[in-house]
Structures are given as C-alpha cells and as structure tokens.
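Right, one structure below, let's go through it.
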Amino acid sequence: MCGIFGVMDKRRRMMDGSGIRQALSIMNERGSGEGAGYAAYGIYPDYRDCYALHVFLDNACESKAVVDATLEQWGTIEHDEAIPTYDQPNFRAACTPWRYFFRPDPSLAPGSATPEKDIITTLVMQINACQNGAEIVSSGKNVGVFKAGGAGSRPETVADFYRIEDYEGYIWLAHNRYATASPGKWERPDPFNLHDWSVVENGKITTYGTNRRYIESFGYTCSNSTDSEVITCLIDLLVRRHGLDIDLAIRALAPPYWDEIDRMPESKQKLNRALRFAYGPATMNGPFTVVAANPDMMVGFTDRGKLRPMVVGECADRLYISSEEAAIRAMEPKVESITMPAAGEPVIGRVAP
Amino acid sequence: MMAKQVTIDAKGMHYTPLNQQIRKAVEDGADEVVVQNVLGQRFIGDGLRGNATIHVYGVAGGDLAMFMSGPTVIVHGNAEHAPGNTMDSGKVVIHGSAGDAVAHSMRGGKVFVRGNIGYRGGIHMKQYEAQRPILVVGGSARTFLGEYMAGGLLVVLGLDGAMDARGIGSGIHGGEIIIRGNVDDACLAAGAKKVPLTDEDRKRIAPVIREFAGDFGLDPEPLLNADYTRIVPASARPFAGKYTWE
C-alpha cells in the first residue's frame with residue numbers, strides 16, 4: 001500500500017520538515033518500516049543557481065573519487081560536503097550521504113534547448129548505472145531528497161536521521177514504503193528525483209516493463225527497478241523534451257478508458273485519441289497514486305480504475321495531497337476543504353509566479 | 001438507572017490501546033463510549049459485540065466497525081476507507097463522507113453515510129437468510145458502485161447533486177442498488193440491469209429512508225415520493241462461461 005504525502009505553499013512561504021514528519025507518521029500503518037523518504041524544494045537558497053546533487057556513497061574515498069572526477073569533466077563543483085546525519089537507535093547507515101553544489105558547463109551539450117539538464121540527466125544515469133559505490137538520489141536546483149531503506153527505516157527515524165526539521169522548503173513530498181517487489185536498498189525508496197522533478201508513488205505499475213522499454217528508447221537508463229524512477233523519466237520526457245503541458249502529460253500517462261473517450265465531444269475525442277495513439281507505451285496501468293513536483297508546481301493523479309486513495313486538502317495558500325485525510329489534518333488541523341478527486345482527474349497546484 | 005457513559009481522549013494514541021480501552025469500557029458495561037480527538041486511528045469498534053453506542057469525534061481511520069456485531073458507531077466527521085467492512089450486525093452512522101470501498105463485504109446491519117462515498121461502495125455486500133445488509137448514502141457515490149455485489153440493499157439519495165459514477169453493479173450477482181433519479185444506461189456495467197421500482201419495492205425501502213432521514217434530521221417525505229432507479233443483476237451468474245465451461 002505505501003503512504004504518500006505532498007504539501008505546497010503557493011506563495012513560496014517556507015515550511016520546516018517537522019510538519020511533514022508528523023503527517024507521514026500518522027500513516028505509519030501504510031508502511032512496513034523498511035523505507036521512507038522526503039523531498040524538499042527551496043532548501044538551498046545560498047546555492048540556488050547550482051544543481052544540488054545528493055549522493056549515497058559507499059565510502060567517502062574511492063566512491064567519492066569517481067563522482068568528483070565525473071563532475072569535474074562536465075562542469076564546476078562549487079562546494080561539496082557530507083550531509084549532516086544524526087545516529088538513531090536500531091538504525092544503521094548503509095552509506096555516507098554527501099551533497100555537491102555543481103554548475104554544469106552548457107557548452108558541452110551543443111544544440112540542446114536545455115543543455116544543463118541534459119548534462120545532469122547524462123551524469124545521473126551514467127553514475128547510477130555503474131557499480132561504482134555511488135548513487136545520485138537527487139540532482140535539481142534548490143532541491144534535495146533525504147531517504148533511507150532497509151530495517152529500521154521508519155518515517156520518523158529517517159526524518160530524525162537527517163533532521164529534516166532543520167530544512168525549510170515551500171514544497172515537500174514524503175513517502176512511507178510498504179516494501180513489496182524490490183530489496184530494501186537505501187536508494188530504492190521514493191522520492192525519486194531527476195533535476196526538476198521528484199516523484200512519490202503508492203502502487204504498483206503493471207506496465208513497468210513496457211514503460212521502461214519505452215523510456216529507455218529515448219536514452220534514459222533505469223537502474224533502480226522502481227516505478228517512480230520510470231514515472232520521473234516519463235514526466236521529464238513528456239514535459240521538458242516534448243513540451244507537453246503537465247495536464248496533457250498526465251492524461252498521456254493515465255488516459256481515460258476508450259469508452260469514456262467515445263462519449264466525449266468531438267474535439268476532446270480527437271485530442272484524447274491522439275494522445276493515446278502517440279503515447280500508448282507510456283500509459284501506466286495497475287494501481288497507483290502519484291504525487292510529483294518541480295520547482296513551480298505539485299501534481300497528483302491516480303490510476304483510472306482508482307485502486308489507490310488520494311485525498312486533497314486546501315487551506316489558504318497551502319495545497320495538500322495525501323493517502324489519508326488524517327495526515328492532512330495532522331499537519332493542518334484547520335484545513336478548509338477536503339476532496340477526493342475522481343480517478344484520472346489530475347490535481348495541479350502551481351506556485352505563484 | 002442512568003446510562004453509563006465513558007469518555008476516551010484519543011489524541012496522539014495508537015489504535016491498539018485505543019481499541020483496548022473501547023473494548024474494556026463496553027465489557028465493563030458502558031452504554032455509551034465517547035471517543036474524542038480521533039485522527040485516523042484504524043479498526044475502531046472492530047469485532048465489538050453488544051449494544052453500546054460509540055461516538056467518534058474526528059476522522060475515523062480505515063476499517064471502522066469491521067466484523068462488528070451489534071453496537072452502533074456514530075462518526076461526527078469523515079471516515080477513511082472501508083467502514084463497515086464485513087460487518088455482521090449493528091449500525092454505523094457517518095455524518096461526513098467516507099473513502100473507497102464503504103461497506104466492503106458487509107454481511108448484515110446498516111451503514112448510513114450523510115455525505116459522499118468513494119469508489120467501489122458496497123463492494124461484495126452479501127446476504128444469507130435473515131442477514132441482509134443495508135448501505136444508504138445521502139450524497140453521491142463513485143464508479144464501480146456495488147461491484148461484485150452478492151446481496152443486500154444499497155441506496156444512493158443524491159441529496160447534494162447528481163451522481164457521476166460509471167460501471168455501476170460491475171459483476172453484481174445478488175442484491176439491489178436503488179438510486180434516486182434516473183441513471184443513464186451507459187453508467188451500468190455488464191451484468192447489471194435497470195428495472196422499474198414497484199409499489200412493493202417502495203414500501204420496502206420506506207422504513208429505511210425514514211430511519212436515515214431521522215438520523216440526519218432530514219425531511220423524509222420528498223425522499224419517499226421521489227423517482228428511483230432500481231438496478232439488479234441480469235442473472236445470478238453473470239460471468240458463467242467466462243472463466244469456466246459448462
């Protein structure tokens with residue numbers, strides 16, 4: 001099942017990590033205590049123009065040397081340091097979390113409309129695909145992922161290990177993992193991040209193989225064996241590289257059934273048919289709720305058969321998307337509206353420009 | 001003799017000690033248990049017997065009143081997924097809305113929801129001899145209402161606007177779904193069919209509607225005289241031949 005949670009402040013007012021820790025904690029029952037993680041936007045204002053790379057290193061010597069060398073080939077490391085962590089009882093760190101603030105050299109991706117992001121994409125895929133003792137777990141500007149997997153990785157433990165209350169962000173995502181299919185490695189639990197986009201998912205995409213083959217045909221390498229990795233790449237492909245609006249991208253990933261399309265007005269039919277034909281292999285089937293974010297928005301959507309829950313809360317400038325209503329009320333006791341959007345009906349919240 | 005009331009503050013409490021306290025209060029003879037500050041605690045009233053009334057203030061967590069046999073649970077707020085799951089007898093009254101799979105596999109008793117319910121309401125409700133579960137929804141219900149329904153009565157009153165549900169009665173092979181107003185044929189799943197509501201049917205559901213209206217302070221008269229669509233299984237074995245061969 002898994003528990004997921006997202007909160008966004010439309011006016012970029014900062015929230016420290018204590019609120020989302022509490023929200024995720026309310027949904028403890030949705031996880032198996034073997035994986036949890038948090039993603040936050042806006043946490044590195046001093047390095048806002050650098051790509052913040054969060055890396056899990058097997059050790060700070062050989063594994064780090066590989067990352068240093070690769071980054072120096074592709075740009076400039078402005079600063080790097082160990083991510084502060086704090087020992088927790090019955091919890092063992094399986095790696096050394098490190099962070100780099102990095103400026104890619106855009107001249108190394110000639111002809112690209114988004115050279116920096118192309119370089120970051122290549123770097124992340126390259127480093128993560130090799131058995132080099134280094135895994136980049138987040139790679140966007142002013143964003144970071146804090147997560148852990150394996151025994152003892154309860155939501156509160158992971159939050160306390162990184163002391164997420166010390167960070168302030170205007171968008172937070174969180175995930176409490178109910179491990180089913182893949183082993184409890186540290187890089188496995190959601191959130192998954194690739195530069196702009198972070199994704200948390202509750203579910204199991206039965207079309208994982210088709211979706212992965214499709215996305216890999218565009219040059220992405222999926223080395224993590226998780227749904228959220230494929231979803232992140234799909235959103236990046238559709239939104240950044242193909243230029244689709246987010247609502248169309250979501251419609252491509254979770255389209256209406258054919259019989260629903262048949263009943264739409266003609267112009268809508270045309271659009272929806274075109275999307276289904278063009279992006280057939282990107283269509284995700286199986287039970288899922290996804291919450292995704294980039295620096296400008298937070299979105300949520302479910303599978304069209306609605307096999308996973310999604311509750312949406314609103315309170316002044318705050319938008320909440322959660323697996324359970326109680327988690328929203330834990331963070332926002334005075335929440336003004338609670339709704340459960342229809343299957344396949346995306347919830348899109350944008351940060352004020 | 002005065003009714004014995006016990007109040008429990010659930011703030012910050014895990015569901016295990018909370019449910020132990022509720023169970024103990026009922027075993028000790030409480031007629032009324034008031035649970036304050038509920039925030040998503042699951043399994044409230046599960047397997048509970050007797051005829052006590054449990055008042056839940058806050059958001060009731062998943063699987064409320066599962067396997068419950070006898071008591072009444074009144075939720076002054078919303079409920080998460082599957083209230084009334086496999087409930088045996090008794091009553092659940094929810095003043096707010098509820099999540100997906102309300103009255104999941106329910107086998108007896110009543111679940112009344114004033115607001116809306118999510119997807120798959122009444123999934124696999126069943127009946128046997130005198131055991132006949134009843135789910136009444138004041139607001140609207142979502143797609144796959146009455147999925148795999150095997151028995152019982154499911155009523156949707158649509159008090160807050162028309163219902164937008166497709167696949168109604170998907171796999172239904174027993175029981176009946178009664179929806180106020182007209183239901184488009186396209187919203188029915190294969191295996192479900194519409195039949196007229198007879199005067200006898202109307203007489204049969206009248207006490208249920210009166211009870212529902214009474215619980216939520218509504219005027220029953222307009223509801224008793226309204227038009228209803230009755231949906232029943234097209235056959236007792238809608239998928240005979242699909243998975244097996246005669």
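Chain lettering (A, B, ...) mirrors the order of the structure tokens, residue numbering begins at 1 for each chain separately, and ligand numbering begins at 1 in order of display.
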**Q.** For Thr229 (chain B): contacts at 6 Å, only C-alpha atoms, fewer than 4 positions along chain excluded, given as a list of chain:residue names
**A.**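 These residues fall inside the cut-off: B:Ile178, B:Ile179, B:Asn182.
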Q.
With 10 Å as the limit and counting only C-alpha atoms, what residues in chain B lie close to chain A? Please list them as a ChimeraX atom specification.
A. /B:12,14,38-42,58-62,78-81,97-101,116-120,142-144,164-166,186
Q. Which neighbours of Gly108 (chain B) fall inside 7 Å, counting only C-alpha atoms, when residues of the same chain fewer than 5 positions from it are skipped, and could you give them as a list in words?
A. Met87, Asp88, Ser89, Gln131, Arg132 and Pro133 of chain B
Q | helix (DSSP H, G or I) positions in region 1-204 of chain B, given as a PyMOL selection string | A | chain B and resi 15-27+185-187+199-204
Mind dumping the selected residues with N, CA and C atoms as a compact mmCIF listing (two decimals), in the first residue's frame?
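In the end it all went to result.txt:
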# COMPACT_ATOMS: atom_id res chain seq x y z
N TYR B 15 -3.85 3.07 17.60
CA TYR B 15 -5.16 2.42 17.59
C TYR B 15 -5.24 1.20 18.52
N THR B 16 -4.12 0.57 18.81
CA THR B 16 -4.20 -0.63 19.64
C THR B 16 -4.68 -0.32 21.06
N PRO B 17 -3.98 0.57 21.79
CA PRO B 17 -4.50 0.91 23.12
C PRO B 17 -5.89 1.55 23.06
N LEU B 18 -6.15 2.33 22.01
CA LEU B 18 -7.46 2.98 21.89
C LEU B 18 -8.57 1.92 21.82
N ASN B 19 -8.37 0.94 20.96
CA ASN B 19 -9.40 -0.08 20.81
C ASN B 19 -9.50 -0.96 22.06
N GLN B 20 -8.36 -1.15 22.74
CA GLN B 20 -8.42 -1.90 24.01
C GLN B 20 -9.28 -1.17 25.03
N GLN B 21 -9.14 0.16 25.05
CA GLN B 21 -9.92 0.95 26.02
C GLN B 21 -11.41 0.92 25.68
N ILE B 22 -11.72 1.00 24.39
CA ILE B 22 -13.13 0.97 23.98
C ILE B 22 -13.73 -0.39 24.35
N ARG B 23 -12.99 -1.43 24.05
CA ARG B 23 -13.46 -2.79 24.33
C ARG B 23 -13.69 -2.99 25.83
N LYS B 24 -12.74 -2.47 26.62
CA LYS B 24 -12.85 -2.64 28.07
C LYS B 24 -14.08 -1.87 28.59
N ALA B 25 -14.27 -0.66 28.07
CA ALA B 25 -15.42 0.14 28.51
C ALA B 25 -16.72 -0.60 28.23
N VAL B 26 -16.83 -1.22 27.07
CA VAL B 26 -18.06 -1.95 26.72
C VAL B 26 -18.20 -3.19 27.60
N GLU B 27 -17.08 -3.89 27.81
CA GLU B 27 -17.13 -5.08 28.67
C GLU B 27 -17.53 -4.72 30.10
N ASP B 185 -28.09 4.48 -19.06
CA ASP B 185 -27.71 3.09 -19.34
C ASP B 185 -26.20 2.92 -19.46
N ALA B 186 -25.53 3.96 -19.98
CA ALA B 186 -24.08 3.87 -20.19
C ALA B 186 -23.32 3.76 -18.87
N CYS B 187 -24.00 4.12 -17.77
CA CYS B 187 -23.32 4.07 -16.46
C CYS B 187 -23.41 2.69 -15.82
N ASP B 199 -44.44 -0.55 -6.49
CA ASP B 199 -45.01 -0.02 -5.25
C ASP B 199 -44.56 -0.85 -4.06
N GLU B 200 -44.41 -2.14 -4.32
CA GLU B 200 -43.96 -3.03 -3.25
C GLU B 200 -42.52 -2.70 -2.83
N ASP B 201 -41.66 -2.43 -3.85
CA ASP B 201 -40.28 -2.02 -3.56
C ASP B 201 -40.28 -0.74 -2.73
N ARG B 202 -41.10 0.19 -3.15
CA ARG B 202 -41.16 1.49 -2.48
C ARG B 202 -41.57 1.32 -1.01
N LYS B 203 -42.54 0.44 -0.78
CA LYS B 203 -42.99 0.17 0.58
C LYS B 203 -41.86 -0.44 1.41
N ARG B 204 -41.07 -1.27 0.74
CA ARG B 204 -39.97 -1.98 1.39
C ARG B 204 -38.85 -1.02 1.81
Q: Please measure the separation of CA of Asp63 (chain B) and CA of Gly167 (chain B), giving the value in Å to one decimal.
A: 23.9 Å
Exercise: region 215-217 of chain B partners within 8 Å, only C-alpha atoms, chain neighbours under 6 positions left out, as a PDB file with N, CA and C atoms, in the first residue's frame:
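File written: result_6.pdb
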ATOM      1  N   VAL B  93     -23.198   5.145  11.586  1.00  0.00           N
ATOM      2  CA  VAL B  93     -23.772   6.395  11.079  1.00  0.00           C
ATOM      3  C   VAL B  93     -22.618   7.385  10.914  1.00  0.00           C
ATOM      4  N   HIS B  95     -21.610  11.131   9.777  1.00  0.00           N
ATOM      5  CA  HIS B  95     -22.193  12.438   9.458  1.00  0.00           C
ATOM      6  C   HIS B  95     -21.459  13.154   8.337  1.00  0.00           C
ATOM      7  N   ARG B 114     -24.048  10.310   5.492  1.00  0.00           N
ATOM      8  CA  ARG B 114     -24.773  11.510   5.080  1.00  0.00           C
ATOM      9  C   ARG B 114     -24.148  12.148   3.825  1.00  0.00           C
TER      10      ARG B 114
END
Q. So which bits of region 38-269 of chain A end up strand (DSSP E or B) when you DSSP the backbone, as number ranges by chain?
A. A: 38-41, 51-57, 75-82, 96-104, 134-138, 141, 143-149, 168-169, 171-176, 192-194, 197-203
Store the residues picked out above, limited to C-alpha atoms, as a PDB file, in the first residue's frame.
ATOM      1  CA  TYR A  38      11.362  13.167   1.954  1.00  0.00           C
ATOM      2  CA  ALA A  39      11.979  15.663  -0.853  1.00  0.00           C
ATOM      3  CA  ALA A  40      12.009  19.416  -0.381  1.00  0.00           C
ATOM      4  CA  TYR A  41      12.177  22.404  -2.736  1.00  0.00           C
ATOM      5  CA  TYR A  51      22.459  21.826  -9.144  1.00  0.00           C
ATOM      6  CA  ALA A  52      22.385  20.201  -5.730  1.00  0.00           C
ATOM      7  CA  LEU A  53      23.464  16.579  -6.059  1.00  0.00           C
ATOM      8  CA  HIS A  54      22.599  14.308  -3.141  1.00  0.00           C
ATOM      9  CA  VAL A  55      24.770  11.215  -3.458  1.00  0.00           C
ATOM     10  CA  PHE A  56      24.846   7.990  -1.443  1.00  0.00           C
ATOM     11  CA  LEU A  57      28.481   6.941  -1.275  1.00  0.00           C
ATOM     12  CA  GLY A  75      31.485  21.415 -15.068  1.00  0.00           C
ATOM     13  CA  THR A  76      32.498  23.020 -11.788  1.00  0.00           C
ATOM     14  CA  ILE A  77      31.930  21.824  -8.241  1.00  0.00           C
ATOM     15  CA  GLU A  78      31.174  24.991  -6.248  1.00  0.00           C
ATOM     16  CA  HIS A  79      31.083  23.224  -2.920  1.00  0.00           C
ATOM     17  CA  ASP A  80      30.700  19.745  -1.500  1.00  0.00           C
ATOM     18  CA  GLU A  81      30.227  18.317   1.963  1.00  0.00           C
ATOM     19  CA  ALA A  82      28.832  15.408   3.909  1.00  0.00           C
ATOM     20  CA  THR A  96      27.621   8.077   3.502  1.00  0.00           C
ATOM     21  CA  PRO A  97      25.184  10.728   2.234  1.00  0.00           C
ATOM     22  CA  TRP A  98      27.058  13.553   0.503  1.00  0.00           C
ATOM     23  CA  ARG A  99      25.998  16.682  -1.344  1.00  0.00           C
ATOM     24  CA  TYR A 100      27.579  18.622  -4.180  1.00  0.00           C
ATOM     25  CA  PHE A 101      26.647  22.055  -5.483  1.00  0.00           C
ATOM     26  CA  PHE A 102      27.517  21.818  -9.136  1.00  0.00           C
ATOM     27  CA  ARG A 103      27.488  24.022 -12.240  1.00  0.00           C
ATOM     28  CA  PRO A 104      27.415  22.039 -15.478  1.00  0.00           C
ATOM     29  CA  ALA A 134      27.855   5.970  -5.746  1.00  0.00           C
ATOM     30  CA  GLU A 135      24.145   6.651  -6.337  1.00  0.00           C
ATOM     31  CA  ILE A 136      22.842  10.127  -7.090  1.00  0.00           C
ATOM     32  CA  VAL A 137      19.454  10.368  -5.395  1.00  0.00           C
ATOM     33  CA  SER A 138      18.586  13.956  -6.249  1.00  0.00           C
ATOM     34  CA  LYS A 141      18.467  23.220  -8.220  1.00  0.00           C
ATOM     35  CA  VAL A 143      16.015  20.687  -4.012  1.00  0.00           C
ATOM     36  CA  GLY A 144      17.105  17.663  -2.041  1.00  0.00           C
ATOM     37  CA  VAL A 145      15.962  14.113  -1.308  1.00  0.00           C
ATOM     38  CA  PHE A 146      16.508  12.579   2.123  1.00  0.00           C
ATOM     39  CA  LYS A 147      15.718   8.897   2.304  1.00  0.00           C
ATOM     40  CA  ALA A 148      16.752   5.504   3.639  1.00  0.00           C
ATOM     41  CA  GLY A 149      15.774   1.900   3.182  1.00  0.00           C
ATOM     42  CA  GLU A 168      12.907  24.886   5.080  1.00  0.00           C
ATOM     43  CA  GLY A 169      11.106  24.323   1.796  1.00  0.00           C
ATOM     44  CA  ILE A 171       7.183  22.135  -1.452  1.00  0.00           C
ATOM     45  CA  TRP A 172       7.633  18.894   0.472  1.00  0.00           C
ATOM     46  CA  LEU A 173       6.940  15.336  -0.658  1.00  0.00           C
ATOM     47  CA  ALA A 174       7.084  12.304   1.595  1.00  0.00           C
ATOM     48  CA  HIS A 175       6.802   8.576   1.189  1.00  0.00           C
ATOM     49  CA  ASN A 176       6.360   5.727   3.637  1.00  0.00           C
ATOM     50  CA  PHE A 192      12.849   9.589  -6.805  1.00  0.00           C
ATOM     51  CA  ASN A 193      14.293  12.755  -8.266  1.00  0.00           C
ATOM     52  CA  LEU A 194      15.807  13.815 -11.580  1.00  0.00           C
ATOM     53  CA  TRP A 197      11.087  16.529 -10.937  1.00  0.00           C
ATOM     54  CA  SER A 198      10.527  14.497  -7.799  1.00  0.00           C
ATOM     55  CA  VAL A 199       8.015  11.656  -7.587  1.00  0.00           C
ATOM     56  CA  VAL A 200       6.392   9.636  -4.819  1.00  0.00           C
ATOM     57  CA  GLU A 201       4.102   6.753  -5.670  1.00  0.00           C
ATOM     58  CA  ASN A 202       1.718   4.464  -3.838  1.00  0.00           C
ATOM     59  CA  GLY A 203       1.067   1.466  -6.005  1.00  0.00           C
TER      60      GLY A 203
END
Q | Ser107 (chain A) surroundings by only C-alpha atoms, 10 Å radius, close-in-sequence under 6 positions cut, as an MDAnalysis selection string | A | chainID A and resid 74:75 115:116
For C-alpha atoms, I'd like the residues from the last selection saved as a short mmCIF file (atom, residue, chain, number, x, y, z; two decimals), in the first residue's frame.
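What follows is the written file out_35.cif:
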data_model
loop_
_atom_site.label_atom_id
_atom_site.label_comp_id
_atom_site.auth_asym_id
_atom_site.auth_seq_id
_atom_site.Cartn_x
_atom_site.Cartn_y
_atom_site.Cartn_z
CA TRP A 74 31.32 18.17 -17.01
CA GLY A 75 31.49 21.42 -15.07
CA PRO A 115 21.89 21.88 -22.05
CA GLU A 116 22.33 21.92 -18.27
#
Q: With a distance cut-off of 9 Å and only C-alpha atoms, select the neighbouring residues of Arg251 (chain A), excluding the residue or stretch itself and same-chain residues fewer than 4 positions from it, and output the selection as a ChimeraX atom specification.
A: /A:246-247,255-256,272,275-276,283,344-346
